[in-house]
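Undergrad: The structure follows.
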Amino acid sequence: TELSETLQSQDVFDLEYAADLNITNDGSEVYFIRHYMDIHSDKKLGNIWKVTQNGELTPVTTGKHQQYGMALSPDNKRLAYISSESGNPQIHMQWLETGATGQMTNLTTAPSRLTWSADGKYLAFQMFVPEKATPPVSLPGKPEGAEWAEPAIYIDDVYYRFDGGGYTKPGYTQIFLLSAQGGTPRQLTFDEFNNNGAMSWSQDGKQLYFSANRHQNFRLEPVNTDIYRYELASGEISAVTDRNGPDNQPSVSPDGRYLAYLGYDDRGTNYENTQVYVRDLSSGKTQSLTADLDRSVDSLHWDGSSRGLYIQYDDQGKTRVAYQPLKGKAKQLTDKLGGQSYGRPYTSSEFDVASDGTVTFTYSAPDRPADVGLHTGGKDIQLTHLNDDALGHKTLAKVEEFWFKSSADGRDIQGWIAYPPGFDKDKKYPMVLEIHGGPVTAYGPHFAAEIQLYAAAGYVVVYINPRGSSSYGEEFAQTIHLNYPSQDYDDLMSAVDTVIDKGFIDERELFVTGGSGGGVLSAWIVGHTDRFKAAVVAKPVINWYSFVLTSDFYPYFYKYWFAAKPWEDLEGYMQRSPISYVGNVTTPTMLLTGEADYRTPISESEQYYQALKLQGVETAMVRIPDAPHGIYKRPSNLMSKVEYILWWFEQYRDERPVKN
Ligand SMILES: CSCC[C@H](NC=O)C(=O)N[C@@H](CO)C(=O)O
């Protein structure tokens with residue numbers, strides 16, 4: 001039927017995407033995790049696959065498991081990875097010449113960040129080491145065999161719960177060393193810090209560089225990570241960087257002379273460009289290679305000759321890889337990265353580089369989640385087509401870029417329109433404005449099941465990067481510093497007007513939704529205009545005062561998003577809170593949030609729901625049991641989100657597509 005040729009919500013179970021790309025030294029093969037959605041456990045699982053330059057695909061591991069954290073040995077003969085096939089996550093190894101595999105560890109908590117030494121003899125990794133917590137109170141008088149209520153929980157840590165991880169247990173993440181022959185790992189760090197940042201070995205294997213926040217006050221200085229050097233012989237740890245601001249992703253050059261890393265000087269704003277620094281390890285001389293690039297670098301890989309670095313950064317909603325020599329100008333390679341955020345069209349990608357400069361990356365297209373791509377000989381090649389079977393026969397929304405001027409100040413703003421399958425410009429369509437979160441993140445022309453499903457239901461979907469978004473430089477992102485929400489509202493309204501002016505939108509049929517920061521802005525919108533027929537506010541902040549005092553990452557939010565603590569600036573907090581404008585709302589507005597969302601806790605949604613009820617505004621609340629902030633991570637939750645949003649909008653639709 002015609003219906004079966006458009007995307008249906010249950011199709012999210014058929015999506016696959018590529019991650020953890022590892023390219024061989026000669027660039028001939030790429031190992032990657034082929035993620036898929038398991039309809040029985042309702043979880044994302046994944047196995048290792050290999051693809052050659054000719055696009056020949058071979059499975060490397062198999063089974064219904066979560067396999068991740070893959071690291072190819074320096075000689076390309078072994079593949080270390082983490083797998084939960086024995087019940088809980090353990091380090092596994094595959095000998096690629098023979099196909100022999102083995103479980104290398106028998107750990108009690110999950111390992112992470114497998115990092116090979118240059119000689120291939122060792123793997124460094126990290127693991128949480130729990131500490132014994134004795135509650136300060138134990139109840140007297142419990143008779144033998146009595147079934148009393150669960151004991152009270154005593155909390156005294158700053159970070160007592162974390163979105164996606166639940167309530168925290170006492171303990172710290174420590175660094176371990178494992179022989180590549182397997183056996184018992186040796187714990188290297190023991191102190192009361194989370195030694196949990198990226199690691200890189202010196203070429204002679206005598207030192208291990210890692211990033212961590214090891215400041216005494218680390219809990220209240222949440223972004224102040226530095227690079228440290230661990231001496232394998234003595235166990236001594238010394239700081240390599242010491243500025244106020246994050247320093248992370250250390251990477252020793254192949255010739256052992258330099259240490260590259262990412263970071264910025266913390267000026268206390270909502271956003272600074274992350275730069276690439278290179279330190280000469282013998283002289284200590286350090287320079288930024290990207291001081292003139294007005295973008296944030298997200299990741300880096302050394303060139304095999306140690307003469308420069310391949311860097312990844314977001315630029316106007318796309319993600320690029322460029323080659324940045326140690327001296328001189330960067331050379332652009334590709335802008336086709338993306339596709340790993342399959343729910344909403346956020347920029348999200350990764351890349352790896354072979355010794356000969358062949359780049360592999362997650363290949364993005366608006367109609368497909370991430371495939372494996374290759375950049376070689378100046379060309380981009382798509383090596384896999386992981387979703388052609390599931391999506392190839394479907395008519396998906398076409399995604400088109402548009403630019404417009406904001407009514408606030410004439411600033412240029414970028415957006416995208418997703419057209420419903422079978423779109424006819426001579427008809428009038430309902431519109432959904434979908435708003436991203438962050439707020440300093442970026443949408444782009446990437447596959448997004450949510451956008452595609454709204455379009456498949458007949459809506460023209462509009463999404464933009466309002467001021468404050470990343471990928472347009474520091475000034476653009478900082479316009480919302482201590483000023484959010486603000487003129488971003490005007491940017492969104494100008495986008496709606498621009499698309500209406502194109503002539504195919506039924507102005508009476510406007511709908512709005514957004515999640516997280518987009519929940520803030522959609523609640524802000526219904527408090528400032530009644531032009532939308534219905535709204536769904538997903539996982540929002542409604543009241544900045546209560547948010548700062550209930551969100552998991554509160555030492556960051558109060559410090560970088562506000563001028564003072566809530567009780568020192570009540571007026572400032574309330575003036576920027578959607579709750580302050582609830583008295584203006586007439587738009588039917590539904591709330592939708594995960595019950596285990598500790599980033600924007602469901603109490604924010606409850607406040608708005610109850611306020612709307614008191615105001616007599618049509619409202620409803622959808623609570624997704626056990627879902628954290630990333631609702632889409634369980635496919636059925638992504639389905640619930642989309643189905644509820646479409647259902648709510650349909651309640652308020654009385655016009656159907658008609659001829660002009
Ligand atoms: C507006 S409060 C912070 C919410 C969150 N930011 C960081 O965690 C957010 O906006 N998340 C976005 C982007 O990841 C989302 O869509 O969930």
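So you can find residues: chains in the structure tokens are A, B, ... in the order shown, residues in each start at 1, and ligands are numbered from 1 in order.
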Using only C-alpha atoms and all ligand atoms, which residues of the polymer chains come no farther than 9 Å from ligand 1? I'd like the answer as a PyMOL selection string.
TA: chain A and resi 163+344+346+435-442+514-520+539-541+544+547+551+553+557+599-600+629-631
Undergrad: Write to file, as a short mmCIF file (atom, residue, chain, number, x, y, z; two decimals), in the first residue's frame, the residues of the selection just made, with N, CA, C and O atoms.
TA:
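What landed in selection_27.cif:
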```cif
data_model
loop_
_atom_site.label_atom_id
_atom_site.label_comp_id
_atom_site.auth_asym_id
_atom_site.auth_seq_id
_atom_site.Cartn_x
_atom_site.Cartn_y
_atom_site.Cartn_z
N ASP A 163 22.41 11.65 35.08
CA ASP A 163 21.47 11.25 34.05
C ASP A 163 22.00 10.06 33.26
O ASP A 163 23.14 10.06 32.79
N ARG A 344 17.14 12.77 16.54
CA ARG A 344 16.99 14.16 16.10
C ARG A 344 18.28 14.53 15.36
O ARG A 344 19.31 13.93 15.60
N TYR A 346 20.96 16.13 15.29
CA TYR A 346 22.16 16.76 15.84
C TYR A 346 23.39 16.35 15.05
O TYR A 346 23.45 15.25 14.49
N ILE A 435 12.52 22.06 17.71
CA ILE A 435 13.61 22.92 18.24
C ILE A 435 14.65 22.10 19.00
O ILE A 435 14.31 21.28 19.87
N HIS A 436 15.92 22.36 18.70
CA HIS A 436 16.99 21.58 19.36
C HIS A 436 17.29 22.09 20.76
O HIS A 436 16.94 23.19 21.16
N GLY A 437 18.00 21.23 21.49
CA GLY A 437 18.39 21.57 22.86
C GLY A 437 19.84 21.98 22.93
O GLY A 437 20.45 22.36 21.94
N GLY A 438 20.38 21.89 24.13
CA GLY A 438 21.77 22.28 24.35
C GLY A 438 21.87 23.31 25.47
O GLY A 438 22.13 22.96 26.58
N PRO A 439 21.66 24.60 25.16
CA PRO A 439 21.27 25.17 23.87
C PRO A 439 22.44 25.31 22.89
O PRO A 439 22.21 25.57 21.71
N VAL A 440 23.70 25.12 23.36
CA VAL A 440 24.83 25.28 22.42
C VAL A 440 25.13 23.93 21.76
O VAL A 440 26.05 23.21 22.15
N THR A 441 24.29 23.58 20.80
CA THR A 441 24.50 22.39 19.97
C THR A 441 24.07 22.80 18.56
O THR A 441 23.72 23.97 18.36
N ALA A 442 24.07 21.86 17.63
CA ALA A 442 23.65 22.24 16.28
C ALA A 442 22.90 21.09 15.63
O ALA A 442 23.28 19.92 15.79
N GLY A 514 9.81 20.63 20.89
CA GLY A 514 11.26 20.70 21.06
C GLY A 514 11.61 20.00 22.35
O GLY A 514 10.75 19.82 23.22
N GLY A 515 12.86 19.56 22.46
CA GLY A 515 13.26 18.81 23.65
C GLY A 515 14.42 19.45 24.35
O GLY A 515 15.33 19.99 23.72
N SER A 516 14.40 19.38 25.69
CA SER A 516 15.49 19.89 26.51
C SER A 516 15.58 21.40 26.35
O SER A 516 14.61 22.10 26.64
N GLY A 517 16.72 21.92 25.80
CA GLY A 517 16.75 23.36 25.52
C GLY A 517 15.61 23.71 24.56
O GLY A 517 15.04 24.81 24.62
N GLY A 518 15.25 22.76 23.68
CA GLY A 518 14.12 22.98 22.77
C GLY A 518 12.79 22.94 23.52
O GLY A 518 11.80 23.51 23.07
N GLY A 519 12.78 22.24 24.67
CA GLY A 519 11.60 22.27 25.54
C GLY A 519 11.48 23.63 26.19
O GLY A 519 10.37 24.19 26.34
N VAL A 520 12.62 24.20 26.60
CA VAL A 520 12.62 25.56 27.17
C VAL A 520 12.01 26.51 26.14
O VAL A 520 11.11 27.31 26.45
N LYS A 539 10.85 17.29 27.88
CA LYS A 539 11.96 17.35 28.86
C LYS A 539 12.51 18.77 29.03
O LYS A 539 13.71 19.00 28.87
N PRO A 540 11.63 19.71 29.42
CA PRO A 540 12.07 21.11 29.47
C PRO A 540 12.67 21.53 30.80
O PRO A 540 12.58 20.81 31.79
N VAL A 541 13.26 22.72 30.81
CA VAL A 541 13.46 23.48 32.04
C VAL A 541 12.34 24.52 32.03
O VAL A 541 12.15 25.23 31.05
N TRP A 544 14.21 28.05 36.11
CA TRP A 544 15.67 27.91 36.26
C TRP A 544 16.08 27.76 37.71
O TRP A 544 17.09 27.11 38.02
N PHE A 547 15.48 24.16 38.55
CA PHE A 547 16.36 23.33 37.70
C PHE A 547 17.77 23.27 38.27
O PHE A 547 18.36 22.18 38.43
N SER A 551 19.00 19.53 38.98
CA SER A 551 19.68 18.88 37.87
C SER A 551 20.98 18.22 38.34
O SER A 551 21.63 18.70 39.27
N PHE A 553 23.95 18.08 37.01
CA PHE A 553 25.22 18.76 36.74
C PHE A 553 25.16 20.22 37.23
O PHE A 553 25.66 21.13 36.59
N PHE A 557 25.78 24.34 35.77
CA PHE A 557 24.71 25.19 35.25
C PHE A 557 24.64 26.54 35.95
O PHE A 557 24.50 27.58 35.32
N ARG A 599 18.77 15.11 34.17
CA ARG A 599 19.33 16.34 33.60
C ARG A 599 18.29 17.46 33.71
O ARG A 599 18.53 18.50 34.32
N THR A 600 17.12 17.24 33.11
CA THR A 600 16.00 18.18 33.26
C THR A 600 14.89 17.40 33.97
O THR A 600 13.99 16.87 33.32
N HIS A 629 17.37 11.37 30.10
CA HIS A 629 17.24 12.53 29.21
C HIS A 629 17.23 12.08 27.73
O HIS A 629 16.49 12.62 26.93
N GLY A 630 18.06 11.10 27.42
CA GLY A 630 18.09 10.57 26.04
C GLY A 630 16.95 9.59 25.85
O GLY A 630 17.16 8.36 25.79
N ILE A 631 15.74 10.08 25.69
CA ILE A 631 14.55 9.23 25.60
C ILE A 631 14.68 8.24 24.44
O ILE A 631 14.28 7.08 24.54
#
```
Undergrad: Any idea what's packed within 8 Å of A:Glu595, counting only C-alpha atoms, ignoring anything in its chain fewer than 3 positions away? Could you give it as JSON, numbers by chain?
TA: {"A": [601, 602, 623, 624, 625, 626, 627, 628]}
Undergrad: For A:Asp303, work out the shell of residues within 9 Å, counting only C-alpha atoms and skipping chain neighbours fewer than 5 positions away, then give it as a list in words.
TA: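 Here the answer would be Ser253, Pro254, Gly308, Leu309, Tyr310, Tyr323, Pro325, Val353, Ala354, Ser355, Asp356 and Gly357 of chain A.
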Undergrad: Measuring between only C-alpha atoms, which one of A:Gly120, A:Arg508, A:Gln67, A:Glu97 shows the shortest distance to A:Gln181?
TA: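 Once distances to A:Gln181 are computed over only C-alpha atoms, the minimum belongs to A:Gly120.
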Undergrad: With only C-alpha atoms as the counted atoms, please give the residues lying no more than 10 Å from A:Gly422, apart from itself and same-chain residues fewer than 5 positions off, as a PyMOL selection string.
TA: chain A and resi 6+395-398+456+458
Undergrad: Can you tell me, as a ChimeraX atom specification, which residues in stretch 549-636 of chain A count as helix (DSSP H, G or I) by DSSP?
TA: /A:554-561,566-568,570-575,578-584,602-615,631-633,635-636
Undergrad: Can you list every residue of stretch 45-124 of chain A that has an atom at most 9 Å from stretch 366-385 of chain A, with its nearest atom pair and the distance in Å to one decimal, using only C-alpha atoms, ordered by chain then number, as CSV?
TA:
```
residue,atom,partner,partner_atom,distance
A:Val51,CA,A:Leu383,CA,7.1
A:Thr52,CA,A:Leu383,CA,7.7
A:Gln53,CA,A:Leu383,CA,6.9
A:Asn54,CA,A:Leu383,CA,7.1
A:Gly55,CA,A:Leu383,CA,4.7
A:Glu56,CA,A:Leu383,CA,8.2
A:Leu57,CA,A:Thr384,CA,7.9
```
Undergrad: Please identify all polymer residues within 7 Å of stretch 263-278 of chain A, counting only C-alpha atoms, omitting same-chain residues fewer than 5 positions from it, and present them as a list in words.
TA: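 Selected residues are Asn244, Gly245, Pro246, Asp247, Asn248, Tyr258, Thr286, Gln287, Ser288, Leu289, Thr290, Ala291, Asp294, Arg295, Ser296, Val297, Glu474, Ala477, Gln478, His481, Tyr560 and Trp561 of chain A.
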Undergrad: Which residue gives the smallest distance to A:Tyr556 among A:Ile48, A:Leu220, A:Ala611, A:Val60, with only C-alpha atoms counted?
TA: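 Once distances to A:Tyr556 are computed over only C-alpha atoms, the minimum belongs to A:Leu220.
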Undergrad: Here is a test: counting only C-alpha atoms, which residue of A:Val252, A:Val526, A:Ile227, A:Ile480 is nearest to A:Val582?
TA: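 Smallest separation from A:Val582 among the options: A:Val526.
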Undergrad: In Å, rounded to a single decimal, give me how far atom CA of A:Leu79 is from atom CA of A:Gln66.
TA: 15.6 Å
Undergrad: For A:Val512, find every residue with an atom within 12 Å (counting only C-alpha atoms), except residues of its own chain fewer than 2 positions away, and show them as a PyMOL selection string.
TA: chain A and resi 430-436+454+459-463+492-493+496+509-510+514-515+518-526+529-538+587-590+645-646+648-649
Undergrad: Out of A:Tyr159, A:Trp49, A:Thr319, A:Asn483, which residue has the shortest atom-to-atom distance to A:Thr550 when counting only C-alpha atoms?
TA: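 Of A:Tyr159, A:Trp49, A:Thr319, A:Asn483, the one nearest A:Thr550 is A:Tyr159, counting only C-alpha atoms.
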Undergrad: According to DSSP computed on the backbone, where in stretch 414-612 of chain A is there strand (DSSP E or B)? Give the residues as a ChimeraX atom specification.
TA: /A:414-419,427-435,443,460-465,505-515,534-538,589-594
Undergrad: Put those residues in a file: C-alpha atoms, as a compact mmCIF listing (two decimals), in the first residue's frame.
TA:
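Written file, part28.txt:
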```
# COMPACT_ATOMS: atom_id res chain seq x y z
CA GLN A 414 20.37 28.76 8.93
CA GLY A 415 17.57 26.20 8.89
CA TRP A 416 16.24 23.14 7.09
CA ILE A 417 12.82 22.13 5.75
CA ALA A 418 11.83 18.45 5.64
CA TYR A 419 9.10 17.95 3.05
CA LYS A 427 -1.00 22.30 -1.71
CA LYS A 428 -1.15 23.75 1.80
CA TYR A 429 0.46 21.72 4.59
CA PRO A 430 0.48 21.84 8.37
CA MET A 431 3.87 22.77 9.81
CA VAL A 432 5.83 21.43 12.77
CA LEU A 433 8.57 23.64 14.16
CA GLU A 434 11.03 21.29 15.94
CA ILE A 435 13.61 22.92 18.24
CA TYR A 443 21.20 20.52 13.99
CA VAL A 460 6.27 20.12 6.68
CA VAL A 461 8.93 20.07 9.39
CA VAL A 462 11.09 23.12 9.99
CA TYR A 463 14.21 23.07 12.14
CA ILE A 464 16.83 25.78 12.53
CA ASN A 465 19.96 26.68 14.43
CA ILE A 505 1.92 26.21 4.63
CA ASP A 506 -1.57 26.45 6.04
CA GLU A 507 -1.05 29.28 8.55
CA ARG A 508 -3.88 28.00 10.72
CA GLU A 509 -2.08 24.70 11.19
CA LEU A 510 1.15 25.54 12.99
CA PHE A 511 2.53 23.19 15.65
CA VAL A 512 5.63 23.38 17.79
CA THR A 513 7.73 20.92 19.74
CA GLY A 514 11.26 20.70 21.06
CA GLY A 515 13.26 18.81 23.65
CA ALA A 534 -0.83 22.97 19.81
CA ALA A 535 2.54 22.37 21.40
CA VAL A 536 4.48 19.50 22.92
CA VAL A 537 7.14 20.59 25.39
CA ALA A 538 9.58 17.70 25.88
CA THR A 589 0.37 22.19 25.54
CA MET A 590 1.40 18.64 26.39
CA LEU A 591 4.48 17.77 28.48
CA LEU A 592 6.59 14.68 27.76
CA THR A 593 9.57 13.60 29.87
CA GLY A 594 11.41 10.50 31.06
```
Undergrad: Identify, on the basis of only C-alpha atoms, every residue whose closest approach to A:Ser471 does not exceed 6 Å; exclude the query and any residue fewer than 6 positions from it along the same chain; express the result as a ChimeraX atom specification.
TA: /A:314-316
Undergrad: Would you export the selected residues with N, CA and C atoms as a compact mmCIF listing (two decimals), in the first residue's frame, please?
TA:
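Heads up, here's the output in out34.txt:
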```txt
# COMPACT_ATOMS: atom_id res chain seq x y z
N ASP A 314 32.54 21.01 13.84
CA ASP A 314 31.23 21.33 13.26
C ASP A 314 31.28 22.71 12.63
N ASP A 315 30.65 22.81 11.47
CA ASP A 315 30.62 24.08 10.74
C ASP A 315 29.28 24.21 10.02
N GLN A 316 28.46 25.14 10.47
CA GLN A 316 27.15 25.40 9.87
C GLN A 316 26.33 24.12 9.72
```
